[in-house]
file data-v7.tsv (TSV, C-alpha atoms)
chain	number	residue	atom	x	y	z
A	793	MET	CA	-150.25	-20.96	24.05
A	794	LYS	CA	-152.43	-17.93	23.30
A	795	ASN	CA	-149.61	-15.57	24.38
A	796	LYS	CA	-147.22	-17.34	22.00
A	797	ILE	CA	-149.38	-16.19	19.09
A	798	ILE	CA	-150.42	-12.78	20.39
A	799	ILE	CA	-146.95	-11.47	21.28
A	800	PRO	CA	-145.39	-11.98	17.80
A	801	ILE	CA	-148.51	-10.43	16.25
A	802	LEU	CA	-148.23	-7.42	18.58
A	803	ILE	CA	-144.54	-7.01	17.74
A	804	LEU	CA	-145.20	-7.22	14.01
A	805	LEU	CA	-148.12	-4.80	14.22
A	806	SER	CA	-146.14	-2.28	16.25
A	807	ILE	CA	-143.23	-2.39	13.76
A	808	ILE	CA	-145.65	-1.75	10.90
A	809	ILE	CA	-147.62	0.99	12.69
A	810	GLY	CA	-144.57	2.81	14.14
A	811	GLY	CA	-142.56	2.51	10.91
A	812	TYR	CA	-145.46	3.65	8.75
A	813	ILE	CA	-146.21	6.70	10.91
A	814	ALA	CA	-142.50	7.63	11.05
A	815	ILE	CA	-142.09	7.53	7.27
A	816	ALA	CA	-145.39	9.34	6.66
A	817	LYS	CA	-144.40	12.08	9.13
A	818	ILE	CA	-140.97	12.53	7.51
A	819	ASN	CA	-142.59	12.72	4.06
A	820	SER	CA	-145.03	15.32	5.33
A	821	SER	CA	-142.17	17.36	6.83
A	822	VAL	CA	-140.35	17.17	3.49
A	823	GLN	CA	-143.48	18.35	1.69
A	824	ASN	CA	-143.82	21.33	4.04
A	825	ASN	CA	-140.07	22.15	4.17
A	826	GLU	CA	-140.52	21.99	7.92
A	827	PHE	CA	-136.95	22.67	9.02
A	828	SER	CA	-136.16	25.25	6.38
A	829	ILE	CA	-135.98	29.00	6.39
A	830	LYS	CA	-138.46	30.25	3.83
A	831	ASN	CA	-137.80	33.15	1.51
A	832	GLY	CA	-140.40	33.64	-1.23
A	833	SER	CA	-140.86	30.30	-2.96
A	834	TRP	CA	-137.41	29.14	-1.79
A	835	ALA	CA	-136.57	27.06	1.26
A	836	VAL	CA	-133.04	26.74	2.61
A	837	ASN	CA	-131.64	24.53	5.33
A	838	PRO	CA	-129.16	26.70	7.21
A	839	ASN	CA	-127.84	23.92	9.40
A	840	MET	CA	-126.84	20.57	7.92
A	841	ASP	CA	-124.80	19.49	10.95
A	842	LEU	CA	-127.81	17.94	12.57
A	843	LYS	CA	-127.70	16.43	16.01
A	844	ASN	CA	-131.45	15.80	16.18
A	845	SER	CA	-132.36	12.40	14.72
A	846	TYR	CA	-135.67	13.61	13.27
A	847	GLN	CA	-133.93	16.38	11.33
A	848	ARG	CA	-131.27	13.90	10.19
A	849	ALA	CA	-133.99	11.58	8.88
A	850	TYR	CA	-135.55	14.56	7.11
A	851	ILE	CA	-132.28	15.55	5.41
A	852	SER	CA	-131.49	11.97	4.45
A	853	ARG	CA	-134.81	11.91	2.61
A	854	ILE	CA	-134.16	15.03	0.50
A	855	GLY	CA	-130.42	15.54	0.36
A	856	VAL	CA	-128.40	12.70	1.77
A	857	PHE	CA	-124.61	13.23	1.62
A	858	ALA	CA	-125.09	16.96	1.16
A	859	LEU	CA	-122.22	19.18	2.27
A	860	ASP	CA	-122.45	21.30	5.37
A	861	GLU	CA	-123.81	24.83	5.15
A	862	LYS	CA	-120.39	26.49	5.31
A	863	GLU	CA	-119.49	24.81	2.05
A	864	VAL	CA	-122.78	24.96	0.16
A	865	LEU	CA	-126.21	26.50	0.68
A	866	TYR	CA	-129.03	24.62	-0.98
A	867	PHE	CA	-132.14	26.66	-1.89
A	868	LEU	CA	-135.07	24.50	-2.99
A	869	SER	CA	-138.21	25.65	-4.76
A	870	SER	CA	-141.10	23.56	-6.03
A	871	LYS	CA	-143.38	26.55	-6.64
A	872	ASP	CA	-143.49	29.61	-8.86
A	873	ASN	CA	-143.72	33.13	-7.45
A	874	ASP	CA	-147.53	32.86	-7.35
A	875	GLY	CA	-147.29	29.81	-5.11
A	876	ASN	CA	-148.30	27.27	-7.77
A	877	GLN	CA	-146.56	23.90	-8.21
A	878	LEU	CA	-143.88	23.89	-10.93
A	879	THR	CA	-144.97	21.65	-13.79
A	880	SER	CA	-143.80	20.91	-17.33
A	881	ASP	CA	-147.29	21.95	-18.52
A	882	PHE	CA	-146.01	25.54	-18.28
A	883	ASP	CA	-142.86	27.51	-19.07
A	884	TYR	CA	-141.05	29.63	-16.50
A	885	GLN	CA	-138.42	32.31	-16.43
A	886	ILE	CA	-135.94	32.75	-13.61
A	887	ILE	CA	-135.62	36.46	-12.94
A	888	GLY	CA	-132.91	37.95	-10.77
A	889	SER	CA	-129.41	37.04	-9.66
A	890	PRO	CA	-128.41	34.30	-7.26
A	891	PRO	CA	-126.77	35.27	-3.96
A	892	LYS	CA	-123.04	35.92	-4.14
A	893	GLY	CA	-120.68	33.01	-3.79
A	894	ARG	CA	-117.84	31.25	-5.47
A	895	TYR	CA	-120.03	29.16	-7.74
A	896	TRP	CA	-123.76	28.76	-8.28
A	897	SER	CA	-126.04	26.50	-10.27
A	898	TYR	CA	-129.74	25.91	-10.90
A	899	THR	CA	-130.59	22.23	-11.25
A	900	LEU	CA	-133.97	20.77	-12.14
A	901	TYR	CA	-135.10	17.60	-10.35
A	902	GLY	CA	-138.27	15.56	-10.74
A	903	LYS	CA	-140.72	14.80	-7.96
A	904	ASP	CA	-138.51	11.85	-7.00
A	905	TYR	CA	-135.48	14.16	-6.52
A	906	PHE	CA	-133.59	12.68	-9.48
A	907	LEU	CA	-132.47	14.39	-12.69
A	908	VAL	CA	-135.01	14.58	-15.49
A	909	ASN	CA	-134.54	12.84	-18.83
A	910	ASN	CA	-134.44	15.34	-21.72
A	911	GLU	CA	-133.31	15.49	-25.34
A	912	ALA	CA	-130.53	18.03	-24.66
A	913	ASN	CA	-129.01	16.12	-21.73
A	914	THR	CA	-128.99	19.43	-19.90
A	915	TYR	CA	-129.72	19.40	-16.21
A	916	THR	CA	-128.25	22.62	-14.96
A	917	ILE	CA	-127.68	26.28	-15.70
A	918	ASN	CA	-124.64	27.52	-13.85
A	919	LYS	CA	-122.23	30.39	-13.49
A	920	GLU	CA	-120.18	29.09	-16.43
A	921	ASN	CA	-122.73	28.01	-19.02
A	922	LEU	CA	-125.07	30.98	-18.50
A	923	ASP	CA	-125.53	33.37	-21.42
A	924	ARG	CA	-125.74	36.57	-19.38
A	925	ASP	CA	-127.61	38.50	-22.04
A	926	LYS	CA	-130.49	36.04	-22.16
A	927	PRO	CA	-133.09	34.96	-19.59
A	928	ILE	CA	-133.05	31.51	-17.99
A	929	LEU	CA	-136.00	29.56	-19.35
A	930	ILE	CA	-137.51	26.42	-17.88
A	931	SER	CA	-139.48	24.59	-20.53
A	932	SER	CA	-140.36	21.15	-21.89
A	933	THR	CA	-139.74	22.44	-25.43
A	934	LYS	CA	-136.38	23.38	-26.89
A	935	LYS	CA	-135.08	26.92	-26.37
A	936	ASN	CA	-131.98	28.41	-27.93
A	937	ASN	CA	-130.31	29.88	-24.85
A	938	ASN	CA	-130.17	29.21	-21.12
A	939	TRP	CA	-132.64	26.35	-21.48
A	940	LEU	CA	-133.34	24.27	-18.41
A	941	PRO	CA	-135.46	21.37	-19.74
A	942	SER	CA	-138.38	20.19	-17.63
A	943	GLY	CA	-139.02	17.02	-19.66
A	944	ASN	CA	-142.43	15.51	-19.00
A	945	GLU	CA	-142.45	16.09	-15.27
A	946	LYS	CA	-145.88	16.87	-13.90
A	947	GLN	CA	-144.14	18.14	-10.78
A	948	PHE	CA	-140.55	19.25	-10.48
A	949	HIS	CA	-138.40	21.45	-8.32
A	950	ILE	CA	-135.38	23.67	-8.77
A	951	THR	CA	-132.34	23.58	-6.52
A	952	LEU	CA	-130.12	26.62	-6.40
A	953	ARG	CA	-126.70	25.76	-4.98
A	954	ILE	CA	-124.30	28.44	-3.77
A	955	TYR	CA	-120.77	27.14	-3.18
A	956	ASN	CA	-118.76	29.05	-0.57
A	957	PRO	CA	-121.37	31.80	-0.17
A	958	ASP	CA	-120.31	35.29	0.89
A	959	GLU	CA	-120.54	35.87	4.64
A	960	ASN	CA	-123.42	38.32	4.15
A	961	VAL	CA	-125.58	35.63	2.60
A	962	TYR	CA	-125.84	33.78	5.94
A	963	LYS	CA	-126.84	36.91	7.83
A	964	ASN	CA	-130.22	37.45	6.24
A	965	LEU	CA	-131.37	34.22	4.65
A	966	GLN	CA	-134.98	35.13	5.31
A	967	SER	CA	-134.88	38.53	3.62
A	968	LEU	CA	-132.17	37.91	1.04
A	969	ASP	CA	-133.04	39.12	-2.46
A	970	LEU	CA	-133.52	35.80	-4.26
A	971	PRO	CA	-134.44	35.19	-7.91
A	972	ILE	CA	-138.09	34.54	-8.68
A	973	ILE	CA	-139.51	31.78	-10.85
A	974	LYS	CA	-142.21	33.32	-13.00
A	975	LYS	CA	-144.74	31.49	-15.17
A	976	ILE	CA	-144.68	32.73	-18.78
A	977	GLU	CA	-146.63	32.01	-21.96
A	978	LYS	CA	-145.66	28.68	-23.50
B	181	MET	CA	-161.99	-7.15	28.33
B	182	LYS	CA	-159.21	-6.14	30.68
B	183	LYS	CA	-156.80	-8.22	28.64
B	184	ILE	CA	-157.73	-6.44	25.42
B	185	PHE	CA	-156.86	-3.06	26.96
B	186	PHE	CA	-153.63	-4.53	28.22
B	187	TYR	CA	-152.71	-5.74	24.72
B	188	LEU	CA	-153.69	-2.40	23.19
B	189	TRP	CA	-151.52	-0.62	25.75
B	190	ILE	CA	-148.59	-2.90	24.90
B	191	LEU	CA	-149.21	-2.29	21.17
B	192	LEU	CA	-149.17	1.48	21.74
B	193	ILE	CA	-145.92	1.40	23.72
B	194	MET	CA	-144.22	-0.85	21.18
B	195	SER	CA	-145.46	1.30	18.27
B	196	VAL	CA	-143.97	4.40	19.90
B	197	CYS	CA	-140.66	2.52	20.29
B	198	SER	CA	-140.83	1.37	16.67
B	199	TYR	CA	-141.57	4.97	15.57
B	200	ASN	CA	-138.54	6.33	17.43
B	201	LEU	CA	-136.26	3.56	16.19
B	202	THR	CA	-137.38	4.12	12.59
B	203	ILE	CA	-136.73	7.88	12.83
B	204	HIS	CA	-133.35	7.29	14.46
B	205	TYR	CA	-132.19	4.70	11.95
B	206	ILE	CA	-133.59	6.13	8.66
B	207	PRO	CA	-130.22	7.82	7.86
B	208	ASN	CA	-128.36	4.57	8.65
B	209	ILE	CA	-130.77	2.63	6.44
B	210	VAL	CA	-130.29	5.12	3.57
B	211	TYR	CA	-126.51	4.82	4.07
B	212	GLY	CA	-126.74	1.00	4.15
B	213	VAL	CA	-128.81	0.88	0.97
B	214	PHE	CA	-126.28	3.13	-0.82
B	215	HIS	CA	-123.40	1.01	0.50
B	216	ASN	CA	-125.05	-2.17	-0.79
B	217	LYS	CA	-125.84	-0.59	-4.16
B	218	ILE	CA	-122.23	0.51	-4.63
B	219	GLU	CA	-120.88	-2.84	-3.52
B	220	LYS	CA	-123.29	-4.84	-5.66
B	221	ASN	CA	-123.60	-2.68	-8.79
B	222	GLN	CA	-120.07	-1.27	-8.95
B	223	GLY	CA	-118.24	-4.28	-7.55
B	224	ILE	CA	-116.14	-2.33	-5.07
B	225	GLY	CA	-115.60	-3.16	-1.43
B	226	ASP	CA	-114.50	-1.14	1.58
B	227	ASN	CA	-111.29	0.89	1.18
B	228	GLU	CA	-111.62	0.82	-2.59
B	229	ILE	CA	-112.51	3.86	-4.62
B	230	LYS	CA	-115.08	4.26	-7.37
B	231	HIS	CA	-114.75	7.14	-9.81
B	232	PHE	CA	-118.14	8.10	-11.18
B	233	ASP	CA	-118.92	9.87	-14.42
B	234	ILE	CA	-120.86	13.16	-14.46
B	235	PRO	CA	-124.39	12.30	-13.24
B	236	ASN	CA	-127.32	12.17	-15.64
B	237	TYR	CA	-130.97	11.10	-15.44
B	238	LYS	CA	-129.88	7.46	-15.12
B	239	SER	CA	-127.93	8.20	-11.92
B	240	ARG	CA	-130.26	6.97	-9.24
B	241	ALA	CA	-128.03	5.78	-6.40
B	242	VAL	CA	-128.43	8.98	-4.38
B	243	VAL	CA	-131.08	11.69	-4.61
B	244	MET	CA	-130.19	15.11	-6.00
B	245	PRO	CA	-126.87	14.35	-7.69
B	246	ASN	CA	-125.11	17.47	-8.93
B	247	PRO	CA	-124.63	17.22	-12.72
B	248	ASP	CA	-121.69	19.67	-12.62
B	249	PHE	CA	-119.45	17.30	-10.68
B	250	LEU	CA	-117.31	14.22	-11.04
B	251	TYR	CA	-117.68	12.17	-7.88
B	252	SER	CA	-115.23	9.68	-6.38
B	253	VAL	CA	-116.65	7.55	-3.61
B	254	SER	CA	-115.12	5.20	-1.08
B	255	PHE	CA	-116.51	3.39	1.95
B	256	TYR	CA	-113.66	3.32	4.40
B	257	ASP	CA	-112.99	0.89	7.21
B	258	LEU	CA	-110.18	1.69	9.64
B	259	SER	CA	-110.36	-1.65	11.49
B	260	SER	CA	-107.14	-2.84	9.90
B	261	GLY	CA	-105.23	0.42	10.19
B	262	ASP	CA	-104.86	3.91	8.78
B	263	LEU	CA	-105.57	4.82	5.18
B	264	LYS	CA	-103.65	7.03	2.80
B	265	LEU	CA	-105.50	9.17	0.30
B	266	LYS	CA	-103.45	10.46	-2.62
B	267	GLY	CA	-104.09	12.13	-5.93
B	268	ASN	CA	-103.39	14.96	-8.34
B	269	MET	CA	-106.16	17.49	-8.20
B	270	PRO	CA	-107.13	20.37	-10.50
B	271	ASP	CA	-105.57	23.76	-9.84
B	272	SER	CA	-108.21	25.98	-11.38
B	273	THR	CA	-111.58	24.65	-10.34
B	274	TYR	CA	-113.45	23.83	-7.16
B	275	TRP	CA	-112.82	20.42	-5.61
B	276	SER	CA	-113.40	19.11	-2.13
B	277	VAL	CA	-112.87	16.10	0.11
B	278	SER	CA	-115.66	15.19	2.51
B	279	PHE	CA	-116.30	12.44	5.04
B	280	TYR	CA	-119.58	11.15	6.44
B	281	LYS	CA	-120.60	9.00	9.40
B	282	PRO	CA	-122.92	6.03	8.81
B	283	ASN	CA	-125.74	8.23	10.14
B	284	THR	CA	-124.96	10.49	7.12
B	285	ILE	CA	-123.54	13.40	9.18
B	286	ASN	CA	-120.91	15.30	7.17
B	287	TRP	CA	-118.13	15.50	9.78
B	288	TYR	CA	-115.38	16.84	7.54
B	289	VAL	CA	-115.13	18.92	4.40
B	290	LYS	CA	-112.17	20.79	2.96
B	291	ASN	CA	-112.02	22.43	-0.46
B	292	ASP	CA	-109.23	23.34	-2.88
B	293	LYS	CA	-108.79	26.83	-1.42
B	294	GLU	CA	-108.12	25.32	2.00
B	295	PHE	CA	-105.52	22.85	0.75
B	296	ASN	CA	-102.02	24.20	0.22
B	297	SER	CA	-101.50	22.56	-3.13
B	298	ASN	CA	-103.23	20.53	-5.78
B	299	ARG	CA	-101.37	17.42	-4.61
B	300	LEU	CA	-103.81	15.58	-2.37
B	301	GLU	CA	-102.14	13.67	0.48
B	302	LEU	CA	-104.17	12.78	3.53
B	303	ASN	CA	-103.87	10.14	6.23
B	304	LEU	CA	-107.13	8.96	7.69
B	305	THR	CA	-106.87	7.49	11.17
B	306	ILE	CA	-108.92	6.64	14.20
B	307	ASN	CA	-105.88	6.81	16.51
B	308	ASN	CA	-104.42	9.83	18.28
B	309	THR	CA	-101.59	10.06	15.78
B	310	LYS	CA	-100.26	13.58	15.35
B	311	GLY	CA	-98.65	15.11	12.29
B	312	GLU	CA	-99.31	16.87	9.07
B	313	ASN	CA	-102.20	15.95	6.78
B	314	ILE	CA	-103.78	13.69	9.38
B	315	ILE	CA	-107.52	13.47	9.68
B	316	HIS	CA	-108.97	11.86	12.79
B	317	SER	CA	-112.10	9.94	11.97
B	318	PRO	CA	-114.70	9.86	14.77
B	319	VAL	CA	-115.90	6.47	13.47
B	320	LYS	CA	-114.21	3.29	12.28
B	321	LYS	CA	-116.39	3.03	9.21
B	322	GLY	CA	-117.75	5.79	7.03
B	323	LEU	CA	-117.99	7.30	3.59
B	324	MET	CA	-115.62	9.55	1.70
B	325	ILE	CA	-116.73	11.65	-1.28
B	326	ILE	CA	-114.41	13.68	-3.48
B	327	ARG	CA	-116.08	16.23	-5.73
B	328	ILE	CA	-114.47	17.86	-8.77
B	329	LEU	CA	-116.36	20.67	-10.44
B	330	VAL	CA	-116.45	20.44	-14.24
B	331	GLU	CA	-117.36	23.97	-15.23
B	332	ASN	CA	-117.20	23.52	-18.99
B	333	LYS	CA	-118.71	20.33	-20.32
B	334	ASP	CA	-116.65	20.13	-23.53
B	335	GLN	CA	-115.07	16.73	-24.06
B	336	ASN	CA	-111.49	17.98	-23.57
B	337	SER	CA	-112.32	19.42	-20.15
B	338	ILE	CA	-114.20	16.30	-19.12
B	339	ASP	CA	-111.33	14.04	-20.23
B	340	TYR	CA	-108.80	16.22	-18.41
B	341	TYR	CA	-110.71	16.18	-15.13
B	342	LYS	CA	-111.37	12.46	-15.47
B	343	SER	CA	-107.65	11.79	-15.85
B	344	LEU	CA	-107.06	13.68	-12.59
B	345	GLN	CA	-109.92	11.85	-10.94
B	346	LYS	CA	-108.35	8.51	-11.89
B	347	SER	CA	-105.12	9.52	-10.10
B	348	ILE	CA	-106.93	9.47	-6.74
B	349	THR	CA	-106.14	6.35	-4.73
B	350	ILE	CA	-106.87	5.10	-1.24
B	351	ASN	CA	-104.89	2.37	0.48

call {"tool": "encode", "arguments": {"input": "data-v7.tsv", "output": "structure tokens"}}
result
Amino acid sequence: MKNKIIIPILILLSIIIGGYIAIAKINSSVQNNEFSIKNGSWAVNPNMDLKNSYQRAYISRIGVFALDEKEVLYFLSSKDNDGNQLTSDFDYQIIGSPPKGRYWSYTLYGKDYFLVNNEANTYTINKENLDRDKPILISSTKKNNNWLPSGNEKQFHITLRIYNPDENVYKNLQSLDLPIIKKIEK
Amino acid sequence: MKKIFFYLWILLIMSVCSYNLTIHYIPNIVYGVFHNKIEKNQGIGDNEIKHFDIPNYKSRAVVMPNPDFLYSVSFYDLSSGDLKLKGNMPDSTYWSVSFYKPNTINWYVKNDKEFNSNRLELNLTINNTKGENIIHSPVKKGLMIIRILVENKDQNSIDYYKSLQKSITIN
């Protein structure tokens, strides 16, 4: 009789404990960009064709249904070049050029990895809509050119996508000259 | 006392199993949730295609949507036979066809430069059929995503790409 109660309780407890630890560990790996190559404030996952179930769980948390690395490289940054968390409390400028490829874009996502509500309905600065004579500005307040709105996000991150990158880009992901995200006066 | 240690030992072993199962099946759970959302919110079943608008802040079905793209999505099921994918695609912008397993692995992707024309014609099969434009799926059920890049967001461009997107069919 006693076993009839204890066994279901043990099963339930183990599901809760194991599940909780698994999700917490994945979230911590996501926070630390554990499986990424780091270059400045950017982190890139060079291998999306993951055979390891832990890495698959990790990718499904941050970029489910992403394309494989031959098609697109995803560079993620949640920090400025001084290592501080990106926040809509400050303005930032993206300085430098993205790595060479067929198409590139900077997209701003909130802490929850979704697009951020903003008055301009602008979510991306890309190869086509960039005004090459002006800097790219990340700000919660309206800018005239190359404005990437940060809305009211206390924490956000930028994803730089390179479609069909040049072969050379893969060779030195760690030392590649990447743009920097610099805090500027609001 | 001995029994308590025994139960704790059992709890530890089962928790480790539960941990490994959770890690292993997180991608499948994410896939399942997305499948249910599409089925429930968009009213489309397997082997039907849903053409989505350009994502915005309200798009919350999948994390990190790319706001430069029109997406067409279909959950395929090859249990009842092969599927034909057809459509007129753009000739001057990036587009790609990709397939995913239920554990979210991207097992196939081909872009406009790799196709010979802007007329999309593919046969998706699980059999050993040979021939042109045949794609062998490693799984009976999976996900297909077609991406069309909309470089300029003026209404004419959007309408043009949407009209092409609507030409894509699966049956």

call {"tool": "atom_distance", "arguments": {"input": "data-v7.tsv", "atom1": "CA of Ser828 (chain A)", "atom2": "CA of Ile917 (chain A)"}}
result
23.7 Å

call {"tool": "interface_residues", "arguments": {"input": "data-v7.tsv", "of": "chain B", "to": "chain A", "cutoff": "8 Å", "atoms": "only C-alpha atoms", "output": "PyMOL selection string"}}
result
chain B and resi 187+190-192+194-200+202-207+210+236-240+242-248+278+280+283-287+289+331-332

call {"tool": "closest_residue", "arguments": {"input": "data-v7.tsv", "among": "A:Asn873, A:Leu968, A:His949, A:Tyr962", "to": "Lys903 (chain A)", "atoms": "all atoms listed in the file"}}
result
A:His949

call {"tool": "closest_residue", "arguments": {"input": "data-v7.tsv", "among": "A:Ile976, A:Leu868, A:Leu922, A:Ile886", "to": "Phe948 (chain A)", "atoms": "all atoms listed in the file"}}
result
A:Leu868

call {"tool": "atom_distance", "arguments": {"input": "data-v7.tsv", "atom1": "CA of Ser931 (chain A)", "atom2": "CA of Asp872 (chain A)"}}
result
13.3 Å

call {"tool": "atom_distance", "arguments": {"input": "data-v7.tsv", "atom1": "CA of Gln345 (chain B)", "atom2": "CA of Ser252 (chain B)"}}
result
7.3 Å

call {"tool": "residues_near_point", "arguments": {"input": "data-v7.tsv", "point": "(-141.0, 30.6, -14.9)", "cutoff": "6 Å", "atoms": "all atoms listed in the file", "output": "MDAnalysis selection string"}}
result
chainID A and resid 883:886 973:976

call {"tool": "residues_around", "arguments": {"input": "data-v7.tsv", "residues": "region 290-301 of chain B", "least_positions_apart": "4", "cutoff": "6 Å", "atoms": "all atoms listed in the file", "output": "VMD selection string"}}
result
chain B and resid 265 to 269 271 275 to 277

call {"tool": "residues_near_point", "arguments": {"input": "data-v7.tsv", "point": "(-116.5, 8.6, 13.8)", "cutoff": "9 Å", "atoms": "all atoms listed in the file", "output": "number ranges by chain"}}
result
B: 280-282, 287, 306, 316-322

call {"tool": "closest_residue", "arguments": {"input": "data-v7.tsv", "among": "B:Leu323, B:Leu250, B:Leu258, B:Ile314", "to": "Pro270 (chain B)", "atoms": "only C-alpha atoms"}}
result
B:Leu250

call {"tool": "residues_around", "arguments": {"input": "data-v7.tsv", "residues": "region 223-230 of chain B", "least_positions_apart": "6", "cutoff": "6 Å", "atoms": "all atoms listed in the file", "output": "short mmCIF file (atom, residue, chain, number, x, y, z; two decimals) with C-alpha atoms, in the coordinates of the input"}}
result
data_model
loop_
_atom_site.label_atom_id
_atom_site.label_comp_id
_atom_site.auth_asym_id
_atom_site.auth_seq_id
_atom_site.Cartn_x
_atom_site.Cartn_y
_atom_site.Cartn_z
CA SER B 252 -115.23 9.68 -6.38
CA VAL B 253 -116.65 7.55 -3.61
CA SER B 254 -115.12 5.20 -1.08
CA PHE B 255 -116.51 3.39 1.95
CA TYR B 256 -113.66 3.32 4.40
#

call {"tool": "residues_around", "arguments": {"input": "data-v7.tsv", "residues": "Phe827 (chain A)", "least_positions_apart": "6", "cutoff": "9 Å", "atoms": "only C-alpha atoms", "output": "list in words"}}
result
Ser821, Ala835, Val836, Asn837, Pro838, Gln847 and Tyr850 of chain A

call {"tool": "residues_around", "arguments": {"input": "data-v7.tsv", "residues": "region 339-344 of chain B", "least_positions_apart": "4", "cutoff": "10 Å", "atoms": "all atoms listed in the file", "output": "list in words"}}
result
His231, Phe232, Asp233, Ile234, Phe249, Leu250, Tyr251, Gly267, Asn268, Met269, Pro270, Thr273, Ile328, Leu329, Val330, Lys333, Asp334, Gln335 and Ile348 of chain B

call {"tool": "residues_around", "arguments": {"input": "data-v7.tsv", "residues": "Pro927 (chain A)", "least_positions_apart": "2", "cutoff": "8 Å", "atoms": "all atoms listed in the file", "output": "list in words"}}
result
Gln885, Ile886, Ile887, Asp923, Arg924, Asp925, Leu929, Asn937 and Asn938 of chain A
